[in-house]
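One structure is given below, encoded as structure tokens.
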Amino acid sequence: MHLQRAPKALLCAACLVLGGTAGGADLTGTVTYTGPLPQRAKVPITIDQYICGKDKDPDDLVLGPKGAVQYAVVWIDNPPAGARWPAEAPKVEMDQNGCVFVPRVAVVPVGGTVDFLNSDRLLHNLHSLSKDNPSFNRTQPRGRTIPITFTKPELVTITCDLHSWMKSWVVVAEHPYYAVTDAAGAFRIAAVPPGKYRLRMWHEVLGDVSREVEVGPQGAAATFDIKTLKAPVQ
Ligand SMILES: [Cu+2]
């Protein structure tokens, strides 16, 4: 059966699985940075150049056309009552590939597991700077998968002690109304029931910003246009 012609009841069953709530519409938008930026230099790489290269672009603020910000986290701070992750939450992986974490930011449900991978032909390390979740500090040879389960809501910084420039974040989320912006700065939070919400955005150098948004039966769109840096960029 073609999905577009599926009976309404069937589509609604899909909504339940995906969003954890009955019905709702997309809350979409973009995150941009259109403020001043200092001259940014390449990040020099002094070890393991045969895999890691000689230098790399700074990745603490990744900008696309028109100031599009990648890897901003956007979420509903006051989620609808009964918001919960579906029983079959999506599998989350974070690779170390070319001596960077891919993706730089990942969202995992509370109680969920991130499979940390190493695709590089060298030794990496996983070092969490977590406070609410147990911290971990593990060496990671090539090809070894290290599954880590996160049990408390937290924004966890992950580093590799062997390569000082390597950094990533795991967002341990209590409900599914979270999104991470793509290369076009776009986010999409699916199946949001109509209502008024406080939408929050966090980014490592742009800080933590919130705004009110009203979601109707057709959904809503929201823009975060940031003009000042909250932390120095590389
Ligand atoms: Cu490393």
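To be explicit about the labels: the chains of the structure tokens are called A, B, and onward in the order shown, and within each one the residues are counted from 1, while ligands get numbers from 1 in the order they are shown.
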A:Val209 surroundings by only C-alpha atoms, 8 Å radius, close-in-sequence under 3 positions cut, as a list of chain:residue names: A:Arg200, A:Met201, A:Trp202
For A:Asp57: contacts at 9 Å, only C-alpha atoms, fewer than 6 positions along chain excluded, given as a PyMOL selection string: chain A and resi 40-43
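Straight-line separation from atom CA of A:His124 to atom CA of A:Leu162: 6.3 Å.
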Please identify every polymer residue within 12 Å of ligand 1, using only C-alpha atoms and all ligand atoms, and present the set as a PyMOL selection string. chain A and resi 45+47-49+51-52+95-101+117-127+138-142+158-168
Identify, on the basis of only C-alpha atoms, every residue whose closest approach to A:Ala25 does not exceed 7 Å; exclude the query and any residue fewer than 6 positions from it along the same chain; express the result as a ChimeraX atom specification. /A:190-193,217-219
Those residues with C-alpha atoms, as a PDB file, in the first residue's frame please?
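Saved as out-v5.pdb:
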ATOM      1  CA  ALA A 190       8.045  16.254  14.806  1.00  0.00           C
ATOM      2  CA  ALA A 191       4.545  15.558  16.114  1.00  0.00           C
ATOM      3  CA  VAL A 192       4.199  18.514  18.490  1.00  0.00           C
ATOM      4  CA  PRO A 193       0.629  18.854  19.823  1.00  0.00           C
ATOM      5  CA  PRO A 217      -2.709  22.424  14.002  1.00  0.00           C
ATOM      6  CA  GLN A 218      -0.399  23.093  11.053  1.00  0.00           C
ATOM      7  CA  GLY A 219       2.699  23.330  13.236  1.00  0.00           C
TER       8      GLY A 219
END
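Counting only C-alpha atoms and comparing A:Asp115, A:Val213, A:Ala87, A:Tyr33, the residue that lies closest to A:Leu63 is A:Tyr33.
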So which one's closest to A:Thr30, A:Asp77, A:Glu204, A:Glu88, A:Asp225? Using only C-alpha atoms, please. A:Asp225
Mind checking DSSP for stretch 71-156 of chain A and telling me the strand (DSSP E or B) residues as a ChimeraX atom specification? /A:73-76,92-96,101-102,105-109,113-118,124-128,137-140,146-149,154-156
Which polymer residues have any atom within 9 Å of an atom of A:Asn78, counting only C-alpha atoms, with same-chain residues fewer than 6 positions away left out, as a PyMOL selection string? chain A and resi 197-199
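With distances restricted to only C-alpha atoms, A:Val73 is the closest residue to A:Gly207 from A:Ala68, A:Val73, A:Val105, A:Val170.
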In stretch 3-232 of chain A, DSSP helix (DSSP H, G or I) residues written as a list in words: Leu3, Gln4, Arg5, Lys8, Ala9, Leu10, Leu11, Cys12, Ala13, Ala14, Cys15, Leu16, Val17, Leu18, Gly19, Gln49, Tyr50, Ile51, Cys52, Pro65, Lys66 and Gly67 of chain A
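Atom to atom, atom CA of A:Thr181 and atom CA of A:Thr145 stand 26.0 Å apart.
The two atoms in question, atom CA of A:Lys54 and atom CA of A:His203, are spaced 27.0 Å apart.
Using only C-alpha atoms for every distance, the candidate list A:Val102, A:Ala231, A:Ala89, A:Val107 yields A:Val107 as the residue closest to A:Ala179.
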Fewer than 3 positions away in the same chain doesn't count, so skip those; otherwise give me all residues within 7 Å of A:Glu214, counting only C-alpha atoms, as a VMD selection string. chain A and resid 195 to 197 220
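Once A:Gln39 and its same-chain neighbours fewer than 3 positions away are set aside, Pro36, Lys42, Pro58, Pro232, Val233 and Gln234 of chain A remain within 12 Å of it when counting only C-alpha atoms.
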Limited to C-alpha atoms, could you put the picked residues into a file as a PDB file, in the first residue's frame?
ATOM      1  CA  PRO A  36      30.774  39.712  14.151  1.00  0.00           C
ATOM      2  CA  LYS A  42      43.185  26.678  11.007  1.00  0.00           C
ATOM      3  CA  PRO A  58      37.802  25.079  13.589  1.00  0.00           C
ATOM      4  CA  PRO A 232      35.385  32.854  22.327  1.00  0.00           C
ATOM      5  CA  VAL A 233      35.638  30.964  19.042  1.00  0.00           C
ATOM      6  CA  GLN A 234      38.745  29.164  17.840  1.00  0.00           C
TER       7      GLN A 234
END
Selection near A:Thr113, 8 Å with only C-alpha atoms, sequence-local residues under 2 positions removed, as a PyMOL selection string: chain A and resi 91-92+108-109+111+115+147-150
The selected residues should be written to file as a CSV table (one decimal), in the first residue's frame (atoms: N, CA and C atoms).
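out_15.csv, written as the output of this step:
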chain,number,residue,atom,x,y,z
A,91,LYS,N,18.6,4.1,17.4
A,91,LYS,CA,19.9,3.7,17.7
A,91,LYS,C,20.8,5.0,17.5
A,92,VAL,N,21.7,5.2,18.5
A,92,VAL,CA,22.6,6.4,18.4
A,92,VAL,C,24.0,5.9,18.4
A,108,VAL,N,20.4,11.4,22.9
A,108,VAL,CA,20.0,10.0,23.3
A,108,VAL,C,19.0,10.1,24.4
A,109,PRO,N,18.0,9.2,24.4
A,109,PRO,CA,17.0,9.2,25.5
A,109,PRO,C,17.7,8.9,26.9
A,111,GLY,N,18.4,6.7,29.8
A,111,GLY,CA,18.4,5.3,29.8
A,111,GLY,C,18.8,4.6,28.5
A,115,ASP,N,26.5,4.0,21.0
A,115,ASP,CA,27.6,3.2,20.6
A,115,ASP,C,28.7,4.0,20.1
A,147,PRO,N,29.8,0.6,24.0
A,147,PRO,CA,28.5,1.1,24.3
A,147,PRO,C,28.4,1.7,25.7
A,148,ILE,N,27.9,2.9,25.8
A,148,ILE,CA,27.8,3.6,27.0
A,148,ILE,C,26.3,4.0,27.2
A,149,THR,N,25.8,3.6,28.4
A,149,THR,CA,24.4,3.9,28.7
A,149,THR,C,24.3,5.1,29.6
A,150,PHE,N,23.4,6.1,29.3
A,150,PHE,CA,23.3,7.3,30.1
A,150,PHE,C,22.0,7.3,30.8
